[in-house]
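Everything below concerns the one structure shown next.
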There are 2 protein chains.
Amino acid sequence: MSQSPTIRDVAKRAGVGVGTVSRVLNNHPSVSISTREMVEEAIAELDFSPNPSARRLSSGKTMTIAVVAPFFTRPAFVERLRGVVSAIADSAYDVVVYDVETPGRREQYFRDLARRDRADGLLIIALPPTDEDVARFTNANIPVVLLDCSHPDLHRIVIDDVYGGFIATKHLLDLGHRLIGYLSDSPESPFGFVASRYRLQGYRDALADAEIDFNSDYHVVAIDHGIREARQAAKGLLQLPVRPTAVFASSDTQAIGVIQAANELGLRVPDELSVIGYDDIDLAEFLHLSTVHQPLFTSGAEAVDLLMEAIANPSLPTRHIQMPLQLAVRQSTAPLAQN
Amino acid sequence: MSQSPTIRDVAKRAGVGVGTVSRVLNNHPSVSISTREMVEEAIAELDFSPNPSARRLSSGKTMTIAVVAPFFTRPAFVERLRGVVSAIADSAYDVVVYDVETPGRREQYFRDLARRDRADGLLIIALPPTDEDVARFTNANIPVVLLDCSHPDLHRIVIDDVYGGFIATKHLLDLGHRLIGYLSDSPESPFGFVASRYRLQGYRDALADAEIDFNSDYHVVAIDHGIREARQAAKGLLQLPVRPTAVFASSDTQAIGVIQAANELGLRVPDELSVIGYDDIDLAEFLHLSTVHQPLFTSGAEAVDLLMEAIANPSLPTRHIQMPLQLAVRQSTAPLAQN
DNA sequence: CTGTTAGCGCTTTCAG
DNA sequence: CTGAAAGCGCTAACAG
């Protein structure tokens with residue numbers, strides 16, 4: 001209940017000036033070993049710990065990283081967050097999270113966080129900023145790292161979604177499939193998600209390579225990201241007069257919806273329908289879902305590292321890191337049945 | 001790139017004193033409407049926004065809530081976090097997250113956060129504090145709300161795990177099952193998780209009510225929480241000479257492991273084996289898993305409300321809120337097959 | 001109603 | 001190597 005001790009109390013107790021205490025607190029080299037010991041003893045005796053707010057104000061560094069993302073809209077984002085939090089746990093930084101569930105929130109956070117006094121750095125996941133946003137960040141001189149989204153002027157850690165869409169589709173083609181559906185969420189996401197558009201591009205590229213015409217009936221869109229919506233959309237796809245024998249879903253969550261739709265329609269996976277997803281969330285392995293693996297956890301950790309670097313060196317040339325993608329073949333895809 | 005404007009700049013521009021600016025910033029009533037307007041105009045023109053660090057130091061309030069939890073060890077915790085973040089988004093508070101993946105981290109965070117200058121309040125999820133921890137919190141005079149864990153001296157939001165275990169088991173009994181297994185993680189969790197112990201108690205109570213002796217062979221423990229470990233443990237259970245016809249798993253994740261084990265052993269669920277879980281995570285519905293529903297999201301939001309109240313009124317009598325539990329009967333449980 | 005002023009607790013020159 | 005002193009930007013008395 002007693003007031004927390006301040007640096008002044010420590011100084012008094014150790015018989016030194018506050019400057020000296022501050023120096024030992026910050027590991028400043030120019031403190032004699034003996035005084036350092038005295039101070040450390042006083043600190044221990046008083047159970048002193050510097051007031052973070054005072055420190056921040058005085059030093060101009062907030063020692064916090066702001067992470068803004070639509071975390072809870074997709075399991076994949078949560079996994080990235082885990083990587084972020086894990087990477088930052090060992091540092092002196094705090095991570096404060098801003099969850100974006102509406103476009104309005106995104107606006108608000110982008111605006112509010114474009115200041116040097118709220119955080120030392122921004123980590124933005126899956127929310128591509130506009131040029132105006134970027135101008136604001138630049139103007140505020142705050143380091144930003146984008147994860148799973150992109151802007152030419154900002155550091156970013158991304159995957160090649162065109163390639164991902166390509167290898168997923170190629171996998172199905174290699175299995176002999178010719179009638180391949182693509183299920184994704186709306187290309188006109190209110191958040192500016194673009195991944196499914198790129199994955200669509202990869203899908204079309206693979207089709208073109210195999211000299212198969214793109215059939216727009218085979219591209220279905222689920223309004224919202226979610227199992228339910230995907231299932232609904234997949235049902236339409238699977239009830240087409242000439243139904244696809246394989247479906248590429250732009251996320252594992254949606255792939256689950258496809259499988260569910262297949263089950264409801266009495267189509268066995270993979271015998272009668274091959275399904276491949278994207279992300280490789282934990283659950284994918286459990287469900288034996290073939291998918292495109294992307295390093296979610298690692299990319300979060302990597303993003304933190306990059307951000308730390310950018311904070312330490314503000315003039316770091318804009319870095320563009322691409323994480324590897326890998327086909328994870330499991331049991332939801334199989335060779336096209338002969339008949 | 002120019003220095004951010006300070007309250008001083010605003011004052012100068014509006015032709016008033018800094019005190020007045022501070023007053024309009026904090027909606028202090030005693031400011032004439034006309035000066036208020038002038039100040040607001042100056043604020044807008046300069047795109048001024050008060051420096052949070054300075055504010056914190058001066059006011060002694062950090063305007064942040066620290067949330068500490070083993071978030072990523074269980075989907076259920078993430079869902080609670082979502083409730084927390086969602087409830088706090090509309091307030092002026094920031095939420096900084098501390099993920100506990102090792103007992104050491106827990107120690108560290110409990111110790112570091114037992115100070116008034118790091119956060120205005122603590123929200124602890126699923127990590128029962130020791131008396132020593134509580135003494136530290138009390139001594140630091142920082143409001144704490146426990147969610148899904150308990151200590152007599154702290155505000156808490158909990159569920160009745162004994163009751164939950166009871167209704168889950170009762171459900172299986174009502175379906176005619178007499179050989180009922182219980183799968184949980186270790187009662188000796190390094191984090192002090194106690195839920196599975198209470199659920200076990202409920203299980204035993206229900207058995208006793210039905211005049212069935214507790215069979216310790218039917219209580220299996222998975223070392224770690226996770227599908228894999230649960231599957232492993234379940235396999236042993238299901239290969240007993242007299243195997244149970246139903247299994248109650250202490251979490252949905254573990255129930256999934258049980259189902260997986262059943263699949264691998266060629267046991268059909270629910271025809272040959274009924275399985276019920278606990279939590280009702282998103283996935284449970286998709287998997288048609290019978291389970292004990294608990295309000296995860298809501299409890300997170302509720303915890304925030306309570307914490308805010310405790311912050312506003314430090315002498316709030318210790319509150320104990322119990323959230324309702326509800327049986328969610330789906331397709332993983334069925335009447336005992338006659339034969 | 002409003003201007004002035006004294007801190008909040010720390011970091012960081014600047015002398016010595 | 002170290003003490004003294006000047007802020008960091010804001011809030012909150014305290015006069016007026």
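Each chain in the structure tokens gets a letter, A, B, ..., in the order shown, and its residues are numbered from 1; ligands are numbered from 1 in order too.
Near segment 90-97 of chain B, within 9 Å and counting only C-alpha atoms (C1' of nucleotides), sit Val85, Asp94, Val95, Val96, Val97 and Tyr98 of chain A; Thr62, Met63, Thr64, Ile65, Ala66, Val67, Val68, Ala69, Val84, Val85 and Ala119 of chain B; same-chain residues fewer than 5 positions away were not included.
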For the contact check between chain A and chain D, emit one row per residue of chain A within 7 Å, containing the shortest atom pair and the distance in Å rounded to one decimal, counting only C-alpha atoms (C1' of nucleotides), chain then rising number order, as a tab-separated table.
residue	atom	partner	partner_atom	distance
A:Gly17	CA	D:DG3	C1'	5.6
A:Thr20	CA	D:DT2	C1'	6.7
A:Ser30	CA	D:DC1	C1'	6.2
A:Val31	CA	D:DC1	C1'	6.1
A:Ser32	CA	D:DC1	C1'	6.5
A:Leu57	CA	D:DC8	C1'	5.2
A:Ser58	CA	D:DC8	C1'	4.6
Atoms to include: N, CA and C atoms. Write the selected residues as a CSV table (one decimal), in the first residue's frame.
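The resulting file, again-v6.csv, is shown below:
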chain,number,residue,atom,x,y,z
A,17,GLY,N,23.8,9.8,-6.6
A,17,GLY,CA,22.8,10.7,-7.3
A,17,GLY,C,21.9,9.9,-8.2
A,20,THR,N,23.2,8.4,-11.4
A,20,THR,CA,24.0,7.1,-11.3
A,20,THR,C,23.0,5.9,-11.2
A,30,SER,N,29.8,3.4,-18.0
A,30,SER,CA,30.6,4.2,-17.1
A,30,SER,C,30.1,4.3,-15.7
A,31,VAL,N,30.1,3.2,-15.0
A,31,VAL,CA,29.7,3.2,-13.6
A,31,VAL,C,30.7,2.2,-12.9
A,32,SER,N,31.4,2.7,-11.9
A,32,SER,CA,32.4,1.9,-11.3
A,32,SER,C,31.7,0.6,-10.7
A,57,LEU,N,8.2,8.5,-21.1
A,57,LEU,CA,8.1,9.9,-21.4
A,57,LEU,C,9.5,10.5,-21.5
A,58,SER,N,10.3,10.1,-20.6
A,58,SER,CA,11.7,10.7,-20.6
A,58,SER,C,12.5,10.2,-21.8
*In Å, with one decimal, what is the gap from atom CA of Asp280 of chain B to atom CA of Leu200 of chain B?*
17.9 Å
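Within segment 269-319 of chain B, DSSP run on the backbone puts these residues in alpha helix (DSSP H): Asp282, Leu283, Ala284, Glu285, Phe286, Leu296, Phe297, Thr298, Ser299, Gly300, Ala301, Glu302, Ala303, Val304, Asp305, Leu306, Leu307, Met308, Glu309, Ala310, Ile311 and Ala312 of chain B.
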*asked:* Taking the DSSP secondary structure from the backbone, can you list the residues of segment 161-225 of chain B that are strand (DSSP E or B), as a ChimeraX atom specification?
replied: /B:180-185,219-222
Keeping only N, CA and C atoms, write the selected residues to a file as an mmCIF file, in the first residue's frame.
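selection37.cif, freshly written:
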data_model
loop_
_atom_site.group_PDB
_atom_site.id
_atom_site.type_symbol
_atom_site.label_atom_id
_atom_site.label_comp_id
_atom_site.auth_asym_id
_atom_site.auth_seq_id
_atom_site.Cartn_x
_atom_site.Cartn_y
_atom_site.Cartn_z
ATOM 1 N N ILE B 180 -18.300 -46.073 -18.488
ATOM 2 C CA ILE B 180 -17.996 -44.727 -18.965
ATOM 3 C C ILE B 180 -16.578 -44.315 -18.587
ATOM 4 N N GLY B 181 -15.789 -44.015 -19.608
ATOM 5 C CA GLY B 181 -14.422 -43.590 -19.355
ATOM 6 C C GLY B 181 -14.329 -42.083 -19.157
ATOM 7 N N TYR B 182 -13.282 -41.660 -18.510
ATOM 8 C CA TYR B 182 -13.029 -40.215 -18.368
ATOM 9 C C TYR B 182 -11.589 -39.942 -18.780
ATOM 10 N N LEU B 183 -11.448 -39.037 -19.734
ATOM 11 C CA LEU B 183 -10.117 -38.689 -20.225
ATOM 12 C C LEU B 183 -9.829 -37.238 -19.887
ATOM 13 N N SER B 184 -8.698 -36.982 -19.280
ATOM 14 C CA SER B 184 -8.366 -35.596 -18.946
ATOM 15 C C SER B 184 -6.871 -35.393 -19.044
ATOM 16 N N ASP B 185 -6.484 -34.148 -18.959
ATOM 17 C CA ASP B 185 -5.045 -33.938 -18.847
ATOM 18 C C ASP B 185 -4.673 -34.138 -17.388
ATOM 19 N N HIS B 219 -10.243 -44.098 -15.858
ATOM 20 C CA HIS B 219 -9.801 -42.710 -15.826
ATOM 21 C C HIS B 219 -8.397 -42.647 -16.407
ATOM 22 N N VAL B 220 -8.294 -42.123 -17.610
ATOM 23 C CA VAL B 220 -6.970 -42.025 -18.221
ATOM 24 C C VAL B 220 -6.550 -40.573 -18.355
ATOM 25 N N VAL B 221 -5.249 -40.408 -18.270
ATOM 26 C CA VAL B 221 -4.688 -39.069 -18.270
ATOM 27 C C VAL B 221 -3.774 -38.883 -19.472
ATOM 28 N N ALA B 222 -3.979 -37.812 -20.197
ATOM 29 C CA ALA B 222 -3.064 -37.460 -21.285
ATOM 30 C C ALA B 222 -2.071 -36.453 -20.724
#
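Using only C-alpha atoms (C1' of nucleotides), the nearest neighbour of chain C within the list B:Arg8, B:Arg106, B:Arg56, B:Arg204 is B:Arg56.
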Dump as a tab-separated table the rows for residues of segment 96-201 of chain A within 9 Å of segment 287-292 of chain A: closest atom pair and distance in Å with one decimal, only C-alpha atoms counted, ordered by chain and rising residue number.
residue	atom	partner	partner_atom	distance
A:Gly164	CA	A:Val292	CA	6.6
A:Gly165	CA	A:Val292	CA	8.4
A:Ile167	CA	A:Val292	CA	7.9
A:Ala168	CA	A:Val292	CA	6.5
*Can you check which residues of chain C have any atom within 10 Å of chain A? Use only C-alpha atoms (C1' of nucleotides) and format it as a VMD selection string.*
chain C and resid 8 to 12
Would you mind exporting N, CA and C atoms (P, O5', C5', C4', C3', O3' and C1' of nucleotides) of the selected residues as a compact mmCIF listing (two decimals), in the first residue's frame?
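Saved the output as part35.txt:
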# COMPACT_ATOMS: atom_id res chain seq x y z
P DC C 8 6.52 14.67 -7.44
O5' DC C 8 5.88 13.73 -8.54
C5' DC C 8 4.49 13.49 -8.65
C4' DC C 8 4.28 12.57 -9.82
C3' DC C 8 5.47 11.65 -10.09
O3' DC C 8 5.17 10.37 -9.58
C1' DC C 8 4.71 12.77 -12.12
P DG C 9 6.19 9.68 -8.55
O5' DG C 9 7.33 9.16 -9.51
C5' DG C 9 7.00 8.19 -10.49
C4' DG C 9 8.14 8.04 -11.46
C3' DG C 9 9.49 7.72 -10.82
O3' DG C 9 10.05 6.66 -11.54
C1' DG C 9 9.68 9.57 -12.26
P DC C 10 11.45 6.07 -11.18
O5' DC C 10 12.26 6.53 -12.48
C5' DC C 10 11.91 5.94 -13.72
C4' DC C 10 12.32 6.83 -14.87
C3' DC C 10 13.82 6.81 -15.16
O3' DC C 10 14.04 6.03 -16.34
C1' DC C 10 12.89 9.03 -15.26
P DT C 11 15.51 5.65 -16.74
O5' DT C 11 15.87 6.87 -17.70
C5' DT C 11 15.16 7.02 -18.92
C4' DT C 11 15.71 8.21 -19.68
C3' DT C 11 17.17 8.09 -20.10
O3' DT C 11 17.26 8.59 -21.42
C1' DT C 11 16.86 10.06 -18.85
P DT C 12 18.53 8.36 -22.31
O5' DT C 12 19.20 9.81 -22.32
C5' DT C 12 18.39 10.95 -22.44
C4' DT C 12 19.21 12.20 -22.16
C3' DT C 12 20.70 12.04 -22.47
O3' DT C 12 21.13 13.23 -23.11
C1' DT C 12 20.42 12.80 -20.27
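Counting only C-alpha atoms (C1' of nucleotides), segment 234-245 of chain A has the following residues at most 8 Å away, ignoring those fewer than 2 positions along the same chain: His177, Arg178, Leu179, Ile180, Gly181, Leu183, Asp217, Tyr218, Val220, Ala230, Arg231, Gln232, Val247, Gly257, Val258, Ala261, Ala262, Leu265, Glu272, Leu273, Ser274 and Leu336 of chain A.
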Output file for the selection above: N, CA and C atoms, as a PDB file, in the first residue's frame:
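Contents of the output file selection_39.pdb:
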ATOM      1  N   HIS A 177      -7.337 -34.778 -62.453  1.00  0.00           N
ATOM      2  CA  HIS A 177      -8.587 -34.014 -62.473  1.00  0.00           C
ATOM      3  C   HIS A 177      -8.576 -32.975 -63.588  1.00  0.00           C
ATOM      4  N   ARG A 178      -9.751 -32.794 -64.190  1.00  0.00           N
ATOM      5  CA  ARG A 178      -9.892 -31.789 -65.234  1.00  0.00           C
ATOM      6  C   ARG A 178     -10.992 -30.796 -64.897  1.00  0.00           C
ATOM      7  N   LEU A 179     -11.910 -31.263 -64.074  1.00  0.00           N
ATOM      8  CA  LEU A 179     -13.020 -30.402 -63.655  1.00  0.00           C
ATOM      9  C   LEU A 179     -12.740 -29.955 -62.229  1.00  0.00           C
ATOM     10  N   ILE A 180     -12.138 -28.797 -62.138  1.00  0.00           N
ATOM     11  CA  ILE A 180     -11.662 -28.346 -60.833  1.00  0.00           C
ATOM     12  C   ILE A 180     -12.335 -27.049 -60.413  1.00  0.00           C
ATOM     13  N   GLY A 181     -13.009 -27.095 -59.275  1.00  0.00           N
ATOM     14  CA  GLY A 181     -13.663 -25.894 -58.785  1.00  0.00           C
ATOM     15  C   GLY A 181     -12.738 -25.066 -57.902  1.00  0.00           C
ATOM     16  N   LEU A 183     -13.093 -22.335 -54.699  1.00  0.00           N
ATOM     17  CA  LEU A 183     -13.990 -21.678 -53.748  1.00  0.00           C
ATOM     18  C   LEU A 183     -13.196 -20.661 -52.942  1.00  0.00           C
ATOM     19  N   ASP A 217     -18.336 -20.908 -63.950  1.00  0.00           N
ATOM     20  CA  ASP A 217     -19.277 -21.612 -63.081  1.00  0.00           C
ATOM     21  C   ASP A 217     -18.546 -22.332 -61.951  1.00  0.00           C
ATOM     22  N   TYR A 218     -17.316 -22.644 -62.222  1.00  0.00           N
ATOM     23  CA  TYR A 218     -16.537 -23.394 -61.241  1.00  0.00           C
ATOM     24  C   TYR A 218     -15.857 -22.504 -60.202  1.00  0.00           C
ATOM     25  N   VAL A 220     -16.714 -20.304 -57.276  1.00  0.00           N
ATOM     26  CA  VAL A 220     -17.792 -19.836 -56.413  1.00  0.00           C
ATOM     27  C   VAL A 220     -17.241 -19.035 -55.243  1.00  0.00           C
ATOM     28  N   ALA A 230     -19.062 -21.377 -46.546  1.00  0.00           N
ATOM     29  CA  ALA A 230     -18.344 -22.178 -47.542  1.00  0.00           C
ATOM     30  C   ALA A 230     -19.165 -23.410 -47.908  1.00  0.00           C
ATOM     31  N   ARG A 231     -19.757 -24.001 -46.904  1.00  0.00           N
ATOM     32  CA  ARG A 231     -20.547 -25.198 -47.152  1.00  0.00           C
ATOM     33  C   ARG A 231     -21.694 -24.867 -48.108  1.00  0.00           C
ATOM     34  N   GLN A 232     -22.330 -23.760 -47.818  1.00  0.00           N
ATOM     35  CA  GLN A 232     -23.434 -23.315 -48.652  1.00  0.00           C
ATOM     36  C   GLN A 232     -22.993 -23.138 -50.106  1.00  0.00           C
ATOM     37  N   VAL A 247     -11.975 -29.822 -55.793  1.00  0.00           N
ATOM     38  CA  VAL A 247     -12.183 -28.421 -55.424  1.00  0.00           C
ATOM     39  C   VAL A 247     -10.963 -27.895 -54.672  1.00  0.00           C
ATOM     40  N   GLY A 257     -15.630 -26.630 -45.095  1.00  0.00           N
ATOM     41  CA  GLY A 257     -17.000 -26.421 -45.551  1.00  0.00           C
ATOM     42  C   GLY A 257     -17.302 -27.248 -46.788  1.00  0.00           C
ATOM     43  N   VAL A 258     -16.337 -27.337 -47.666  1.00  0.00           N
ATOM     44  CA  VAL A 258     -16.517 -28.121 -48.891  1.00  0.00           C
ATOM     45  C   VAL A 258     -16.708 -29.595 -48.540  1.00  0.00           C
ATOM     46  N   ALA A 261     -20.080 -30.122 -47.189  1.00  0.00           N
ATOM     47  CA  ALA A 261     -21.079 -30.118 -48.267  1.00  0.00           C
ATOM     48  C   ALA A 261     -21.069 -31.458 -48.987  1.00  0.00           C
ATOM     49  N   ALA A 262     -19.874 -31.953 -49.254  1.00  0.00           N
ATOM     50  CA  ALA A 262     -19.749 -33.243 -49.939  1.00  0.00           C
ATOM     51  C   ALA A 262     -20.429 -34.334 -49.123  1.00  0.00           C
ATOM     52  N   LEU A 265     -24.071 -34.231 -49.374  1.00  0.00           N
ATOM     53  CA  LEU A 265     -24.571 -34.650 -50.683  1.00  0.00           C
ATOM     54  C   LEU A 265     -24.227 -36.102 -50.976  1.00  0.00           C
ATOM     55  N   GLU A 272     -14.807 -39.632 -54.441  1.00  0.00           N
ATOM     56  CA  GLU A 272     -15.629 -38.988 -55.457  1.00  0.00           C
ATOM     57  C   GLU A 272     -15.325 -37.501 -55.603  1.00  0.00           C
ATOM     58  N   LEU A 273     -14.653 -36.976 -54.626  1.00  0.00           N
ATOM     59  CA  LEU A 273     -14.295 -35.561 -54.698  1.00  0.00           C
ATOM     60  C   LEU A 273     -12.979 -35.319 -53.965  1.00  0.00           C
ATOM     61  N   SER A 274     -12.046 -34.726 -54.673  1.00  0.00           N
ATOM     62  CA  SER A 274     -10.804 -34.333 -54.023  1.00  0.00           C
ATOM     63  C   SER A 274     -10.949 -32.903 -53.530  1.00  0.00           C
ATOM     64  N   LEU A 336      -8.044 -39.084 -59.896  1.00  0.00           N
ATOM     65  CA  LEU A 336      -9.383 -39.097 -60.478  1.00  0.00           C
ATOM     66  C   LEU A 336      -9.824 -40.534 -60.694  1.00  0.00           C
TER      67      LEU A 336
END
*Which distance in Å separates atom CA of Thr73 of chain B and atom CA of Ala255 of chain A, to one decimal?*
24.2 Å
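Shell of segment 138-147 of chain B at 7 Å, with only C-alpha atoms (C1' of nucleotides) counted and residues fewer than 3 places along the chain excluded, is Met1 of chain A; Ala114, Arg115, Arg116, Asp120, Gly121, Leu122, Leu123, Ile124, Ile125, Ala126, Val134, Ala135, Ser150, Leu154, His155, Arg156, Ile157, Val158, Ala303, Leu307, Ala310, Ile311 and Pro314 of chain B.
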Selected residues written out with N, CA and C atoms, as a tab-separated table (two decimals), in the first residue's frame:
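The new file part04.tsv reads:
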chain	number	residue	atom	x	y	z
A	1	MET	N	0.82	-1.20	0.00
A	1	MET	CA	0.00	0.00	0.00
A	1	MET	C	0.87	1.26	0.00
B	114	ALA	N	2.61	-7.14	-10.84
B	114	ALA	CA	2.08	-6.78	-9.53
B	114	ALA	C	2.54	-5.37	-9.18
B	115	ARG	N	2.24	-4.43	-10.05
B	115	ARG	CA	2.62	-3.06	-9.82
B	115	ARG	C	1.56	-2.17	-10.45
B	116	ARG	N	1.37	-1.08	-9.86
B	116	ARG	CA	0.33	-0.19	-10.33
B	116	ARG	C	0.76	0.58	-11.56
B	120	ASP	N	-3.48	-0.79	-15.17
B	120	ASP	CA	-4.47	-0.38	-14.18
B	120	ASP	C	-5.23	-1.57	-13.63
B	121	GLY	N	-5.13	-2.67	-14.35
B	121	GLY	CA	-5.84	-3.85	-13.89
B	121	GLY	C	-5.30	-5.09	-14.56
B	122	LEU	N	-5.51	-6.20	-13.88
B	122	LEU	CA	-5.00	-7.47	-14.38
B	122	LEU	C	-6.16	-8.42	-14.63
B	123	LEU	N	-6.09	-9.06	-15.78
B	123	LEU	CA	-7.08	-10.08	-16.08
B	123	LEU	C	-6.32	-11.38	-16.26
B	124	ILE	N	-6.58	-12.31	-15.39
B	124	ILE	CA	-5.83	-13.55	-15.42
B	124	ILE	C	-6.75	-14.70	-15.83
B	125	ILE	N	-6.37	-15.37	-16.87
B	125	ILE	CA	-7.21	-16.45	-17.37
B	125	ILE	C	-6.57	-17.81	-17.11
B	126	ALA	N	-7.31	-18.64	-16.42
B	126	ALA	CA	-6.92	-20.05	-16.24
B	126	ALA	C	-5.57	-20.26	-15.57
B	134	VAL	N	-1.21	-13.53	-4.68
B	134	VAL	CA	-2.31	-12.65	-4.29
B	134	VAL	C	-1.84	-11.58	-3.32
B	135	ALA	N	-0.97	-11.98	-2.40
B	135	ALA	CA	-0.44	-11.01	-1.44
B	135	ALA	C	0.28	-9.90	-2.20
B	150	SER	N	-9.53	-19.48	-9.81
B	150	SER	CA	-10.17	-19.01	-8.60
B	150	SER	C	-9.20	-18.73	-7.47
B	154	LEU	N	-10.00	-12.81	-4.61
B	154	LEU	CA	-10.03	-12.02	-5.84
B	154	LEU	C	-11.35	-12.16	-6.58
B	155	HIS	N	-11.69	-11.11	-7.29
B	155	HIS	CA	-12.87	-11.19	-8.14
B	155	HIS	C	-12.67	-12.33	-9.13
B	156	ARG	N	-13.76	-13.01	-9.44
B	156	ARG	CA	-13.58	-14.11	-10.37
B	156	ARG	C	-14.84	-14.44	-11.14
B	157	ILE	N	-14.62	-14.92	-12.32
B	157	ILE	CA	-15.71	-15.37	-13.16
B	157	ILE	C	-15.40	-16.80	-13.52
B	158	VAL	N	-16.26	-17.66	-13.09
B	158	VAL	CA	-15.96	-19.08	-13.23
B	158	VAL	C	-17.17	-19.85	-13.72
B	303	ALA	N	-15.69	-10.43	-17.86
B	303	ALA	CA	-14.51	-10.22	-17.03
B	303	ALA	C	-13.99	-8.79	-17.17
B	307	LEU	N	-13.69	-6.02	-14.28
B	307	LEU	CA	-12.40	-5.38	-14.00
B	307	LEU	C	-12.53	-3.87	-14.04
B	310	ALA	N	-14.00	-2.77	-10.94
B	310	ALA	CA	-13.04	-2.85	-9.84
B	310	ALA	C	-12.02	-1.72	-9.90
B	311	ILE	N	-11.70	-1.30	-11.10
B	311	ILE	CA	-10.76	-0.20	-11.25
B	311	ILE	C	-11.41	1.10	-10.78
B	314	PRO	N	-12.15	0.64	-6.16
B	314	PRO	CA	-11.17	-0.29	-5.60
B	314	PRO	C	-11.69	-1.05	-4.39
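Here the question is which of A:Val304, A:Ile321, A:Ala334, A:Ile223 gets nearest to Arg268 of chain A using only C-alpha atoms, and that residue is A:Ala334.
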